[in-house]
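K.L.:
Quick one: the structure is below, and I'll ask about it shortly.
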Amino acid sequence: MKRGDIGRILLITYFVWAVAPAAAIPLPLVCELTSEESPSIKIQLTERTTGSLKGELIQNGSALGVFQSGKPKRGKDPWWSFQKDNNSSKGLSVFFKGTEIWNPYRRLPRPQDSNRVFFAGLAAALWNWDSTEQRSIFRGNIDLLKSAGGIWSISSQCVGGRIVDG
């Protein structure tokens, strides 16, 4: 192998590494969202990815699938996604401070003051799930559907969907 070949291999390896998706980084604390409709249903966000927090939708301690909450970017709304097996759905997140809605084009409330969230479209996504097997499970779970269509409380470890730094 020639000296130039080693350089090319190293350069290709660097570019493959540089463009590969970033791995999720464990969070120092669990960011927990609790359904106000049914407190046995929670979302536990445990990892940080590029642009989102990632974790699981949980009912009575059992994971139902992977849930992500993404932060807003200029001109785009905050988002959520849910994945189970090879199927996924996504929608918009609507944040509140108490009963006051957060609006990125107003000064108050500030995003870090958000203590509640609504996941627009989550209930419909679960009701109409692509997988027939999972759809029947989700449709038959009235507590899950009520929770998915309701408001979620954001734990004190989270600040507007971000983790409180120690």
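Residues are named by chain letter and number: chains run A, B, ... in the order of the structure tokens, numbers start at 1 in each chain, and ligands are numbered from 1 in the order shown.
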Let's see if you can do this: from backbone DSSP, list all helix (DSSP H, G or I) residues in chain A, as a ChimeraX atom specification.
P.N.:
/A:3-19,111-113,122-127,132-139,142-148
K.L.:
Under the rule of at most 12 Å, produce a per-residue listing of stretch 102-134 of chain A near stretch 54-72 of chain A: chain, number, name, the closest pair of atoms, and the distance in Å, as CSV, using only C-alpha atoms.
P.N.:
```
residue,atom,partner,partner_atom,distance
A:Trp102,CA,A:Pro72,CA,11.7
A:Asn103,CA,A:Pro72,CA,10.9
A:Pro104,CA,A:Pro72,CA,8.7
A:Tyr105,CA,A:Pro72,CA,12.0
A:Pro111,CA,A:Pro72,CA,10.1
A:Gln112,CA,A:Lys71,CA,11.6
A:Val117,CA,A:Ser69,CA,10.5
A:Phe118,CA,A:Ser69,CA,11.3
A:Phe119,CA,A:Ser69,CA,9.4
A:Leu122,CA,A:Phe67,CA,10.7
A:Leu126,CA,A:Leu64,CA,10.9
A:Gln134,CA,A:Leu64,CA,9.8
```
K.L.:
Go ahead and save the picked residues with N, CA and C atoms, as a PDB file, in the first residue's frame.
P.N.:
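See result19.pdb below for the written result:
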```pdb
ATOM      1  N   TRP A 102     -47.553  29.010  24.741  1.00  0.00           N
ATOM      2  CA  TRP A 102     -46.272  29.569  24.335  1.00  0.00           C
ATOM      3  C   TRP A 102     -46.334  29.855  22.837  1.00  0.00           C
ATOM      4  N   ASN A 103     -45.885  31.015  22.453  1.00  0.00           N
ATOM      5  CA  ASN A 103     -45.880  31.443  21.068  1.00  0.00           C
ATOM      6  C   ASN A 103     -44.470  31.971  20.771  1.00  0.00           C
ATOM      7  N   PRO A 104     -43.789  31.391  19.780  1.00  0.00           N
ATOM      8  CA  PRO A 104     -42.407  31.809  19.517  1.00  0.00           C
ATOM      9  C   PRO A 104     -42.275  33.258  19.056  1.00  0.00           C
ATOM     10  N   TYR A 105     -43.390  33.895  18.708  1.00  0.00           N
ATOM     11  CA  TYR A 105     -43.334  35.267  18.211  1.00  0.00           C
ATOM     12  C   TYR A 105     -43.749  36.283  19.267  1.00  0.00           C
ATOM     13  N   PRO A 111     -40.082  30.175  26.566  1.00  0.00           N
ATOM     14  CA  PRO A 111     -40.131  28.725  26.358  1.00  0.00           C
ATOM     15  C   PRO A 111     -39.670  27.934  27.587  1.00  0.00           C
ATOM     16  N   GLN A 112     -38.691  28.458  28.300  1.00  0.00           N
ATOM     17  CA  GLN A 112     -38.178  27.741  29.470  1.00  0.00           C
ATOM     18  C   GLN A 112     -39.169  27.731  30.632  1.00  0.00           C
ATOM     19  N   VAL A 117     -47.657  20.439  28.022  1.00  0.00           N
ATOM     20  CA  VAL A 117     -47.540  20.286  26.577  1.00  0.00           C
ATOM     21  C   VAL A 117     -48.708  19.454  26.049  1.00  0.00           C
ATOM     22  N   PHE A 118     -49.114  19.758  24.824  1.00  0.00           N
ATOM     23  CA  PHE A 118     -50.130  19.001  24.095  1.00  0.00           C
ATOM     24  C   PHE A 118     -49.475  18.511  22.813  1.00  0.00           C
ATOM     25  N   PHE A 119     -49.626  17.226  22.512  1.00  0.00           N
ATOM     26  CA  PHE A 119     -49.041  16.646  21.303  1.00  0.00           C
ATOM     27  C   PHE A 119     -50.138  16.522  20.243  1.00  0.00           C
ATOM     28  N   LEU A 122     -51.390  13.132  18.187  1.00  0.00           N
ATOM     29  CA  LEU A 122     -50.921  11.861  18.741  1.00  0.00           C
ATOM     30  C   LEU A 122     -52.055  10.856  18.904  1.00  0.00           C
ATOM     31  N   LEU A 126     -52.288   7.189  16.945  1.00  0.00           N
ATOM     32  CA  LEU A 126     -52.409   5.882  17.596  1.00  0.00           C
ATOM     33  C   LEU A 126     -53.668   5.155  17.128  1.00  0.00           C
ATOM     34  N   GLN A 134     -50.861  -3.604  16.077  1.00  0.00           N
ATOM     35  CA  GLN A 134     -50.714  -2.518  17.047  1.00  0.00           C
ATOM     36  C   GLN A 134     -51.939  -1.613  17.064  1.00  0.00           C
TER      37      GLN A 134
END
```
K.L.:
Any idea what's packed within 12 Å of A:Glu100, counting only C-alpha atoms, ignoring anything in its chain fewer than 5 positions away? Could you give it as a PyMOL selection string?
P.N.:
chain A and resi 94-95+106+108-111+113-117
K.L.:
So that I can see what lies close to stretch 142-148 of chain A, please list as number ranges by chain the residues with an atom at most 6 Å from it, counting only C-alpha atoms and leaving out residues fewer than 4 positions away in the same chain.
P.N.:
A: 35, 37, 122-123
K.L.:
Give me the residues near A:Lys73 as a list in words, where near means some atom within 12 Å (using only C-alpha atoms) and where sequence neighbours in that chain fewer than 6 positions away do not count.
P.N.:
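With the cut-off at 12 Å, the set is Gly51, Ser52, Trp79 and Pro104 of chain A.
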K.L.:
Among stretch 16-164 of chain A, which residues does DSSP mark as strand (DSSP E) when it is run on the backbone? Keep the chain and numbering as in the structure and answer as an NGL selection string.
P.N.:
:A and (25-35 or 41-49 or 52-59 or 62-70 or 79-84 or 87-97 or 100-101 or 116-120 or 151-154 or 158-159 or 162-163)
K.L.:
Nearest residue to A:Lys42 out of A:Ile137, A:Leu29, A:Ile101, A:Ile154, using only C-alpha atoms?
P.N.:
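Counting only C-alpha atoms, the residue closest to A:Lys42 is A:Ile154.
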K.L.:
Which residues are close to A:Arg48, i.e. within 8 Å by only C-alpha atoms, leaving aside same-chain residues fewer than 4 positions away? Reply as a list in words.
P.N.:
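Contacts, in chain order: Ala24, Ile25, Pro26, Leu27, Ser52, Leu53 and Lys54 of chain A.
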K.L.:
For A:Trp129, list every protein, DNA or RNA residue within 10 Å, evaluated using only C-alpha atoms, and leave out those in the same chain fewer than 4 positions away; present the list as JSON, numbers by chain.
P.N.:
{"A": [84, 87, 88, 89, 123, 124, 125, 133, 134, 135, 136, 137, 138, 139]}
K.L.:
Take the residues that were just selected and, keeping C-alpha atoms, output them as a PDB file, in the first residue's frame.
P.N.:
```pdb
ATOM      1  CA  LYS A  84     -43.156   1.255  17.251  1.00  0.00           C
ATOM      2  CA  ASN A  87     -43.972   2.286  11.871  1.00  0.00           C
ATOM      3  CA  SER A  88     -43.857   5.896  13.003  1.00  0.00           C
ATOM      4  CA  SER A  89     -45.976   9.037  13.250  1.00  0.00           C
ATOM      5  CA  ALA A 123     -54.333  10.348  19.588  1.00  0.00           C
ATOM      6  CA  ALA A 124     -55.320  10.181  15.915  1.00  0.00           C
ATOM      7  CA  ALA A 125     -51.944   8.657  15.026  1.00  0.00           C
ATOM      8  CA  GLU A 133     -51.833  -5.666  15.209  1.00  0.00           C
ATOM      9  CA  GLN A 134     -50.714  -2.518  17.047  1.00  0.00           C
ATOM     10  CA  ARG A 135     -53.729  -0.511  15.830  1.00  0.00           C
ATOM     11  CA  SER A 136     -56.087  -2.948  17.554  1.00  0.00           C
ATOM     12  CA  ILE A 137     -54.024  -2.701  20.746  1.00  0.00           C
ATOM     13  CA  PHE A 138     -53.904   1.116  20.656  1.00  0.00           C
ATOM     14  CA  ARG A 139     -57.614   1.491  19.714  1.00  0.00           C
TER      15      ARG A 139
END
```
K.L.:
Between A:Thr132, A:Gln157, A:Lys97, A:Ala120, which has the minimum distance to A:Asp77 (counting only C-alpha atoms)?
P.N.:
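Closest residue, counting only C-alpha atoms: A:Ala120.
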